[in-house]
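As structure tokens, the structure follows; a few thoughts come after it.
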Amino acid sequence: MHGHIIITGATGVIGTELALKLIARGEKVVVLARLPGVAARNIPGAAEYVQWDSSMESGEWADFINGAKAVIHLAGKPLLESRWTEAHKNECYASRILGTRHIVSAIAEAPEKPQVFISASAIGYYGSFSRCDDTPVMDESAPGGQDFLAKICIDWEKEALAAEKSGLRTVLLRTGIVLSTKGGMLQKMLPTFRLFLGGPIGSGLQCISWIHIDDEIAAILEALDNPVYRGAINLVSPTPASMKKFVGALAAVLDRPDQLQVPEFVVQLLMGEGGKYAVKGQNIKPGFLAAQHFRFSYPNLSDALADLIEHKK
């Protein structure tokens, strides 16, 4: 097979939407998945569904690297889906570091290499901050942070950048909070708001650097198609909001109150150490996208939430 696009992490919210969009535009998509059967049900129309997980150094999956047009690597164990233990933290770290290392190694060994390697990262790279109003606005030139999430992202990106040694254009997707009713923060918040039980998490002063799922996919497609895109790219809207403003906008769209605050200690009881990250945020600017005059379909939070909820995106 030649000229195909490989995607890992295709069964996640971003990966599923991206794979379906690529298939719709006529691309040959090869899905690397831990459960190929599940991937085939969720993503009909791909050229191949191949067994892969982050621990696999080699196997049939590596053969598909040869002759691929691009590799889009989105896989990583969800960080905030369960209570943090040392084992959970180690699994989250290893899934990103080892998975990326094995993909890059397969690229290095492929006789006919892909043209571009697009690898997930996150705005956790910059560290975590408690207040929106006294958090520095950070673009891609800002230094990495010091906490656990920052360490994951920094080490993850180092593994991905090794693909440049094989001559590949390499893109690092520093993604913010992706808004979708199908997963992530918004999906988790909707049930409580619909039951009139919604409100800010923690102090409400932390910064939410968000992006509509449609803009996330559009930016990744632009990174795939446009050779100018390389290095770190912040995938966030140009209008971050405090948690308090975010829940206010969500309450207005749903016509629900937003008064029931979830105290920080409750979040930490539920999530362990992960709770301290759930009540913090980052004030991130899409510097690279702005320089490339990328057009956001949903730069406004209220418009983004209304579209997502009305169209069940």
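Chain labels follow the order of the structure tokens: the first chain is A, the next B, and so on; residue numbering restarts at 1 in every chain, and ligands are counted from 1 in their shown order.
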* Residues of segment 55-229 of chain A in strand (DSSP E or B), written as a PyMOL selection string -> chain A and resi 70-73+116-122+129+138+169-175+177-179+201+207-208+210-212
Report as JSON lines: every residue of segment 204-270 of chain A with an atom at most 6 Å from segment 282-304 of chain A, its closest pair of atoms, and their distance in Å to one decimal, counting only C-alpha atoms, with rows sorted by chain and ascending residue number.
{"residue": "A:Cys207", "atom": "CA", "partner": "A:Gln282", "partner_atom": "CA", "distance": 5.4}
{"residue": "A:Ser209", "atom": "CA", "partner": "A:Ile284", "partner_atom": "CA", "distance": 6.0}
{"residue": "A:Asp215", "atom": "CA", "partner": "A:Phe296", "partner_atom": "CA", "distance": 6.0}
{"residue": "A:Ile233", "atom": "CA", "partner": "A:Phe288", "partner_atom": "CA", "distance": 5.9}
{"residue": "A:Asn234", "atom": "CA", "partner": "A:Pro286", "partner_atom": "CA", "distance": 5.0}
{"residue": "A:Val236", "atom": "CA", "partner": "A:Pro286", "partner_atom": "CA", "distance": 5.8}
{"residue": "A:Ser237", "atom": "CA", "partner": "A:Pro299", "partner_atom": "CA", "distance": 5.6}
{"residue": "A:Ala249", "atom": "CA", "partner": "A:Ser302", "partner_atom": "CA", "distance": 5.6}
Kindly export the residues of the current selection with C-alpha atoms, as a PDB file, in the first residue's frame.
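File written: selection04.pdb
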ATOM      1  CA  CYS A 207      -8.138  29.619  32.750  1.00  0.00           C
ATOM      2  CA  SER A 209      -7.952  27.434  26.895  1.00  0.00           C
ATOM      3  CA  ASP A 215     -11.528  23.857  14.579  1.00  0.00           C
ATOM      4  CA  ILE A 233       1.465  24.486  17.404  1.00  0.00           C
ATOM      5  CA  ASN A 234      -1.001  25.580  20.095  1.00  0.00           C
ATOM      6  CA  VAL A 236      -6.645  26.624  21.191  1.00  0.00           C
ATOM      7  CA  SER A 237      -9.178  29.306  20.298  1.00  0.00           C
ATOM      8  CA  ALA A 249     -21.782  30.602  28.962  1.00  0.00           C
TER       9      ALA A 249
END
* All residues 9 Å or closer to Asp258 of chain A, only C-alpha atoms, same chain fewer than 3 positions away omitted, as a PyMOL selection string -> chain A and resi 193+196-200+244+247-248+250-252+261
Output of the above residues as a CSV table (one decimal), in the first residue's frame, restricted to N, CA and C atoms:
chain,number,residue,atom,x,y,z
A,193,PHE,N,-25.5,19.9,34.5
A,193,PHE,CA,-26.2,21.2,34.2
A,193,PHE,C,-27.6,20.9,33.8
A,196,PHE,N,-29.9,20.8,36.6
A,196,PHE,CA,-29.9,22.0,37.4
A,196,PHE,C,-28.9,22.0,38.5
A,197,LEU,N,-27.8,21.2,38.3
A,197,LEU,CA,-26.8,21.0,39.4
A,197,LEU,C,-25.4,21.5,39.0
A,198,GLY,N,-25.4,22.3,37.9
A,198,GLY,CA,-24.1,22.7,37.4
A,198,GLY,C,-23.5,23.9,38.1
A,199,GLY,N,-22.2,24.0,37.9
A,199,GLY,CA,-21.5,25.2,38.5
A,199,GLY,C,-20.0,25.0,38.3
A,200,PRO,N,-19.2,26.0,38.6
A,200,PRO,CA,-17.8,26.0,38.4
A,200,PRO,C,-17.1,24.9,39.2
A,244,LYS,N,-15.3,30.2,35.6
A,244,LYS,CA,-16.6,30.9,35.9
A,244,LYS,C,-17.3,31.4,34.7
A,247,VAL,N,-18.6,28.3,32.6
A,247,VAL,CA,-19.9,27.7,33.1
A,247,VAL,C,-21.1,28.7,32.9
A,248,GLY,N,-20.8,29.9,33.0
A,248,GLY,CA,-21.8,30.9,32.8
A,248,GLY,C,-22.3,30.9,31.3
A,250,LEU,N,-22.1,28.2,29.3
A,250,LEU,CA,-22.8,26.9,29.2
A,250,LEU,C,-24.2,27.0,29.8
A,251,ALA,N,-24.3,27.6,31.0
A,251,ALA,CA,-25.6,27.7,31.6
A,251,ALA,C,-26.6,28.5,30.7
A,252,ALA,N,-26.1,29.6,30.1
A,252,ALA,CA,-26.9,30.4,29.3
A,252,ALA,C,-27.4,29.7,28.1
A,261,GLN,N,-21.2,25.3,43.0
A,261,GLN,CA,-19.8,25.2,42.8
A,261,GLN,C,-19.3,23.8,43.4
* Asked: Counting only C-alpha atoms, what is within 9 Å of Glu27 of chain A, bar same-chain residues fewer than 3 positions away, as a PyMOL selection string?
  -> chain A and resi 3-5+21-24+46-47
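Among A:Ala19, A:Ala142, A:Leu80, A:Val104, the residue with the shortest atom-to-atom distance to Gly167 of chain A, counting only C-alpha atoms, is A:Val104.
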* **Residues flagged alpha helix (DSSP H) by DSSP in segment 165-303 of chain A, as a VMD selection string** => chain A and resid 184 to 194 213 to 225 243 to 254 264 to 271 274 to 278 287 to 291 301 to 303
Using only C-alpha atoms, find each residue of segment 46-122 of chain A with at least one atom at most 8 Å away from an atom of segment 7-17 of chain A; report its shortest atom-to-atom pair and that distance in Å (one decimal), sort the rows by chain and rising residue number, and return the result as CSV.
residue,atom,partner,partner_atom,distance
A:Val71,CA,A:Ile7,CA,6.1
A:Ile72,CA,A:Ile7,CA,4.8
A:His73,CA,A:Thr8,CA,4.9
A:Leu74,CA,A:Gly9,CA,4.7
A:Ala75,CA,A:Gly9,CA,3.8
A:Gly76,CA,A:Gly9,CA,7.1
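The environment of Tyr125 of chain A within 7 Å, counting only C-alpha atoms and disregarding residues fewer than 4 places along the same chain, consists of A:Gly144, A:Gly145, A:Leu149, A:Ala150, A:Cys153, A:Ile154.
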Convert the current residue selection to file output with N, CA and C atoms, as an mmCIF file, in the first residue's frame.
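again-v2.cif, freshly written:
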data_model
loop_
_atom_site.group_PDB
_atom_site.id
_atom_site.type_symbol
_atom_site.label_atom_id
_atom_site.label_comp_id
_atom_site.auth_asym_id
_atom_site.auth_seq_id
_atom_site.Cartn_x
_atom_site.Cartn_y
_atom_site.Cartn_z
ATOM 1 N N GLY A 144 8.700 25.380 29.037
ATOM 2 C CA GLY A 144 7.948 24.281 29.618
ATOM 3 C C GLY A 144 7.805 24.452 31.121
ATOM 4 N N GLY A 145 6.767 23.810 31.669
ATOM 5 C CA GLY A 145 6.521 23.901 33.106
ATOM 6 C C GLY A 145 7.333 22.887 33.894
ATOM 7 N N LEU A 149 2.353 16.937 34.515
ATOM 8 C CA LEU A 149 1.786 17.033 33.162
ATOM 9 C C LEU A 149 2.784 17.673 32.204
ATOM 10 N N ALA A 150 3.505 18.669 32.689
ATOM 11 C CA ALA A 150 4.520 19.306 31.850
ATOM 12 C C ALA A 150 5.620 18.311 31.491
ATOM 13 N N CYS A 153 4.505 16.014 28.707
ATOM 14 C CA CYS A 153 4.481 16.677 27.398
ATOM 15 C C CYS A 153 5.881 16.952 26.873
ATOM 16 N N ILE A 154 6.778 17.415 27.748
ATOM 17 C CA ILE A 154 8.145 17.725 27.320
ATOM 18 C C ILE A 154 8.852 16.461 26.829
#
* Atomic separation - atom CA of Trp61 of chain A relative to atom CA of Pro114 of chain A, Å -> 14.4 Å
* All residues 7 Å or closer to Gln206 of chain A, only C-alpha atoms, same chain fewer than 5 positions away omitted, as a ChimeraX atom specification -> /A:129-132,242-243,279-281
At a cut-off of 12 Å, using only C-alpha atoms, what residues contact Val38 of chain A? Leave out same-chain residues fewer than 3 positions from it and give the result as an mmCIF file with C-alpha atoms, in the first residue's frame.
data_model
loop_
_atom_site.group_PDB
_atom_site.id
_atom_site.type_symbol
_atom_site.label_atom_id
_atom_site.label_comp_id
_atom_site.auth_asym_id
_atom_site.auth_seq_id
_atom_site.Cartn_x
_atom_site.Cartn_y
_atom_site.Cartn_z
ATOM 1 C CA ALA A 10 -8.381 6.892 16.151
ATOM 2 C CA THR A 11 -11.021 5.621 18.570
ATOM 3 C CA GLY A 12 -10.789 8.779 20.713
ATOM 4 C CA THR A 16 -12.577 9.345 15.193
ATOM 5 C CA VAL A 31 -6.126 2.735 11.672
ATOM 6 C CA LEU A 32 -3.681 1.377 14.247
ATOM 7 C CA ALA A 33 -5.745 0.347 17.278
ATOM 8 C CA ARG A 34 -5.580 -1.771 20.404
ATOM 9 C CA LEU A 35 -8.989 -3.208 19.428
ATOM 10 C CA ARG A 41 -17.322 -0.365 13.922
ATOM 11 C CA ASN A 42 -16.648 3.239 14.924
ATOM 12 C CA ILE A 43 -14.767 4.243 11.769
ATOM 13 C CA PRO A 44 -16.273 2.556 8.705
ATOM 14 C CA TYR A 49 -7.553 -1.841 10.820
ATOM 15 C CA VAL A 50 -4.322 -3.091 12.371
ATOM 16 C CA GLN A 51 -3.464 -4.290 15.888
#
* To do: Using atom CA of Pro111 of chain A and atom CA of Trp52 of chain A as the two end points, give the distance in Å to one decimal.
  =>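 So the answer is 20.5 Å.
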* Nearest to Ile152 of chain A, chosen from A:Lys77, A:Arg256, A:His311, A:Lys245, with only C-alpha atoms counted in the distances -> A:Lys77
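Distance check against Thr239 of chain A using only C-alpha atoms: of A:Leu224, A:Lys113, A:Ala306, A:Ile211, the minimum falls on A:Ile211.
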